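Trainee: Next comes data-v7.cif, mmCIF, C-alpha atoms:
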data_upload
#
loop_
_atom_site.group_PDB
_atom_site.id
_atom_site.type_symbol
_atom_site.label_atom_id
_atom_site.label_comp_id
_atom_site.auth_asym_id
_atom_site.auth_seq_id
_atom_site.Cartn_x
_atom_site.Cartn_y
_atom_site.Cartn_z
ATOM 1 C CA MET R 550 1.700 -26.475 -25.803
ATOM 2 C CA ARG R 551 0.377 -24.027 -23.226
ATOM 3 C CA LYS R 552 0.979 -25.049 -19.628
ATOM 4 C CA GLU R 553 -1.019 -23.070 -17.061
ATOM 5 C CA ASN R 554 -0.643 -23.299 -13.256
ATOM 6 C CA LEU R 555 -2.824 -21.526 -10.737
ATOM 7 C CA ILE R 556 -0.303 -20.209 -8.207
ATOM 8 C CA LEU R 557 -2.687 -18.515 -5.840
ATOM 9 C CA GLU R 558 -6.245 -17.313 -5.591
ATOM 10 C CA ALA R 559 -7.693 -15.119 -2.870
ATOM 11 C CA GLY R 560 -11.151 -13.682 -2.557
ATOM 12 C CA ALA R 561 -13.703 -11.726 -0.615
ATOM 13 C CA ASP R 562 -17.400 -11.018 -0.958
ATOM 14 C CA GLY R 563 -16.832 -8.815 -3.987
ATOM 15 C CA GLY R 564 -14.627 -11.086 -6.078
ATOM 16 C CA SER R 565 -11.230 -12.686 -6.389
ATOM 17 C CA VAL R 566 -7.637 -12.197 -7.476
ATOM 18 C CA LYS R 567 -5.663 -14.975 -9.195
ATOM 19 C CA LEU R 568 -1.973 -15.297 -9.984
ATOM 20 C CA VAL R 569 -1.208 -17.818 -12.707
ATOM 21 C CA GLN R 570 1.866 -19.086 -14.485
ATOM 22 C CA ILE R 571 1.538 -19.678 -18.208
ATOM 23 C CA ASN R 572 4.625 -21.478 -19.476
ATOM 24 C CA ASN R 573 7.465 -19.239 -18.198
ATOM 25 C CA TYR R 574 5.329 -16.124 -17.720
ATOM 26 C CA PHE R 575 3.182 -14.834 -14.871
ATOM 27 C CA ILE R 576 -0.046 -12.844 -14.937
ATOM 28 C CA TYR R 577 -2.671 -11.908 -12.400
ATOM 29 C CA SER R 578 -6.339 -11.260 -12.971
ATOM 30 C CA THR R 579 -9.333 -10.041 -11.029
ATOM 31 C CA ASN R 580 -12.972 -11.032 -11.175
ATOM 32 C CA GLU R 581 -15.460 -8.809 -9.406
ATOM 33 C CA THR R 582 -18.551 -9.838 -11.338
ATOM 34 C CA THR R 583 -20.547 -10.443 -8.156
ATOM 35 C CA LEU R 584 -20.747 -6.644 -7.843
ATOM 36 C CA ARG R 585 -23.214 -6.642 -10.752
ATOM 37 C CA GLU R 586 -25.863 -7.702 -8.265
ATOM 38 C CA PHE R 587 -25.512 -4.290 -6.626
ATOM 39 C CA VAL R 588 -24.624 -2.188 -9.677
ATOM 40 C CA PRO R 589 -26.257 -3.886 -12.692
ATOM 41 C CA GLU R 590 -25.082 -1.233 -15.175
ATOM 42 C CA LEU R 591 -21.457 -2.321 -14.752
ATOM 43 C CA THR R 592 -20.209 -4.388 -17.668
ATOM 44 C CA ILE R 593 -18.279 -7.647 -17.459
ATOM 45 C CA GLU R 594 -15.292 -5.847 -18.990
ATOM 46 C CA GLU R 595 -15.352 -3.324 -16.145
ATOM 47 C CA LEU R 596 -15.461 -6.076 -13.547
ATOM 48 C CA LYS R 597 -12.658 -8.284 -14.873
ATOM 49 C CA SER R 598 -9.054 -7.301 -15.430
ATOM 50 C CA LYS R 599 -5.702 -8.811 -16.358
ATOM 51 C CA SER R 600 -2.248 -7.529 -15.568
ATOM 52 C CA ASP R 601 0.690 -7.152 -17.854
ATOM 53 C CA VAL R 602 2.820 -10.242 -18.401
ATOM 54 C CA PHE R 603 5.700 -10.663 -15.958
ATOM 55 C CA LEU R 604 8.906 -12.571 -16.643
ATOM 56 C CA SER R 605 9.381 -13.718 -13.053
ATOM 57 C CA PHE R 606 7.276 -14.830 -10.117
ATOM 58 C CA ASN R 607 8.974 -12.260 -7.867
ATOM 59 C CA LEU R 608 8.104 -9.343 -10.114
ATOM 60 C CA ALA R 609 4.503 -10.513 -10.456
ATOM 61 C CA MET R 610 4.147 -11.021 -6.709
ATOM 62 C CA GLU R 611 5.641 -7.625 -5.896
ATOM 63 C CA ARG R 612 3.280 -5.925 -8.330
ATOM 64 C CA ILE R 613 0.186 -7.763 -7.127
ATOM 65 C CA LEU R 614 0.998 -6.842 -3.511
ATOM 66 C CA LEU R 615 1.304 -3.172 -4.471
ATOM 67 C CA LYS R 616 -2.166 -3.237 -5.951
ATOM 68 C CA TYR R 617 -4.117 -5.682 -3.757
ATOM 69 C CA ARG R 618 -4.125 -6.646 -0.088
ATOM 70 C CA ILE R 619 -3.860 -10.339 -0.928
ATOM 71 C CA PHE R 620 -3.140 -11.440 2.625
ATOM 72 C CA GLY R 621 -6.232 -9.617 3.856
ATOM 73 C CA LEU R 622 -8.398 -11.685 1.531
ATOM 74 C CA TYR R 623 -9.500 -15.250 2.123
ATOM 75 C CA PRO R 624 -7.033 -17.735 0.560
ATOM 76 C CA LEU R 625 -8.877 -19.975 -1.878
ATOM 77 C CA SER R 626 -5.918 -21.802 -3.389
ATOM 78 C CA VAL R 627 -2.115 -21.926 -3.234
ATOM 79 C CA HIS R 628 -0.080 -24.198 -5.469
ATOM 80 C CA PRO R 629 2.042 -26.461 -3.223
ATOM 81 C CA GLU R 630 5.215 -25.795 -5.222
ATOM 82 C CA PHE R 631 4.939 -22.049 -4.537
ATOM 83 C CA ILE R 632 4.254 -22.110 -0.793
ATOM 84 C CA ALA R 633 7.927 -21.745 0.138
ATOM 85 C CA VAL R 634 8.346 -18.662 -2.054
ATOM 86 C CA ILE R 635 5.060 -17.092 -0.931
ATOM 87 C CA ILE R 636 5.859 -17.376 2.794
ATOM 88 C CA PRO R 637 8.534 -14.595 2.754
ATOM 89 C CA TYR R 638 6.034 -12.231 1.096
ATOM 90 C CA TYR R 639 3.466 -13.134 3.725
ATOM 91 C CA LEU R 640 5.935 -12.544 6.572
ATOM 92 C CA GLU R 641 7.128 -9.246 5.115
ATOM 93 C CA THR R 642 3.548 -8.073 4.649
ATOM 94 C CA ILE R 643 2.372 -8.929 8.150
ATOM 95 C CA ALA R 644 5.470 -7.310 9.664
ATOM 96 C CA LYS R 645 4.487 -3.991 8.046
ATOM 97 C CA ILE R 646 0.837 -4.025 9.123
ATOM 98 C CA LYS R 647 0.060 -2.569 12.526
ATOM 99 C CA ASP R 648 -3.603 -3.603 12.477
ATOM 100 C CA GLN R 649 -3.277 -7.393 12.463
ATOM 101 C CA GLU R 650 -7.032 -7.732 11.925
ATOM 102 C CA ARG R 651 -6.344 -6.770 8.307
ATOM 103 C CA ILE R 652 -4.483 -10.081 7.889
ATOM 104 C CA ASN R 653 -6.612 -13.112 7.154
ATOM 105 C CA GLN R 654 -5.385 -15.766 9.613
ATOM 106 C CA ASN R 655 -6.331 -18.519 7.174
ATOM 107 C CA TRP R 656 -3.156 -17.666 5.233
ATOM 108 C CA LYS R 657 -0.961 -18.685 8.153
ATOM 109 C CA ARG R 658 -2.783 -21.975 8.493
ATOM 110 C CA LEU R 659 -2.705 -22.681 4.749
ATOM 111 C CA LEU R 660 0.942 -21.766 4.242
ATOM 112 C CA TYR R 661 2.397 -23.449 7.306
ATOM 113 C CA GLU R 662 0.282 -26.589 7.426
ATOM 114 C CA ASN R 663 1.388 -27.344 3.881
ATOM 115 C CA SER R 664 5.084 -26.592 4.247
ATOM 116 C CA ASN R 665 8.122 -27.701 6.183
ATOM 117 C CA ASN R 666 8.962 -24.118 7.207
ATOM 118 C CA GLU R 667 7.264 -24.003 10.589
#
Mind converting the file's structure to structure tokens?
Mentor:
Amino acid sequence: MRKENLILEAGADGGSVKLVQINNYFIYSTNETTLREFVPELTIEELKSKSDVFLSFNLAMERILLKYRIFGLYPLSVHPEFIAVIIPYYLETIAKIKDQERINQNWKRLLYENSNNE
């Protein structure tokens, strides 16, 4: 039986990025279909993507952070069981960014209000 967990989802005006766990594997996907309003000739296939399959959360999270500025997007969802392992990535990311306006402050609120790490 396939067990799927949404680990995190973050978005902006143009679309969203999701990280999901399927059984013991991890994959992220993007959905930028709202851009069709501005560029109608774009196809659905061009506006949606899926990553390779990752064998660990850490590898998936490292890869997604290389490709997308997750913590600059608005957090839509974070699975409660993954908050503790997402917080170090958040802290490492914000420590590297000089322009703190690029960090969406809703992440801090979401991660720390729902954890015991504060």
Trainee: What would the selection look like, as a PyMOL selection string, if the PyMOL selection byres ((chain R and resi 556) around 7) were run on the coordinates I just shared?
Mentor: chain R and resi 554-555+557+568-570+627-628+631
Trainee: Residues within 10 Å of segment 609-613 of chain R, please, as a VMD selection string. Count all atoms listed in the file; anything in the same chain fewer than 2 positions from it doesn't count.
Mentor: chain R and resid 566 to 570 574 to 578 600 to 607 615 to 619 634 to 635 638
Trainee: Just the number, please: distance in Å from atom CA of Ile643 of chain R to atom CA of Trp656 of chain R, one decimal.
Mentor: 10.7 Å
Trainee: Neighbouring residues of Lys552 of chain R were defined as those with any atom within 9 Å, considering all atoms listed in the file; residues of the same chain fewer than 5 positions away were excluded. Please report them as a list in words.
Mentor: Gln570, Ile571, Asn572 and Asn573 of chain R
Trainee: Counting all atoms listed in the file, which residue out of R:Lys657, R:Ile652, R:Leu608, R:Leu614 sits closest to Ile632 of chain R?
Mentor: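 Smallest distance to Ile632 of chain R is found for R:Lys657.
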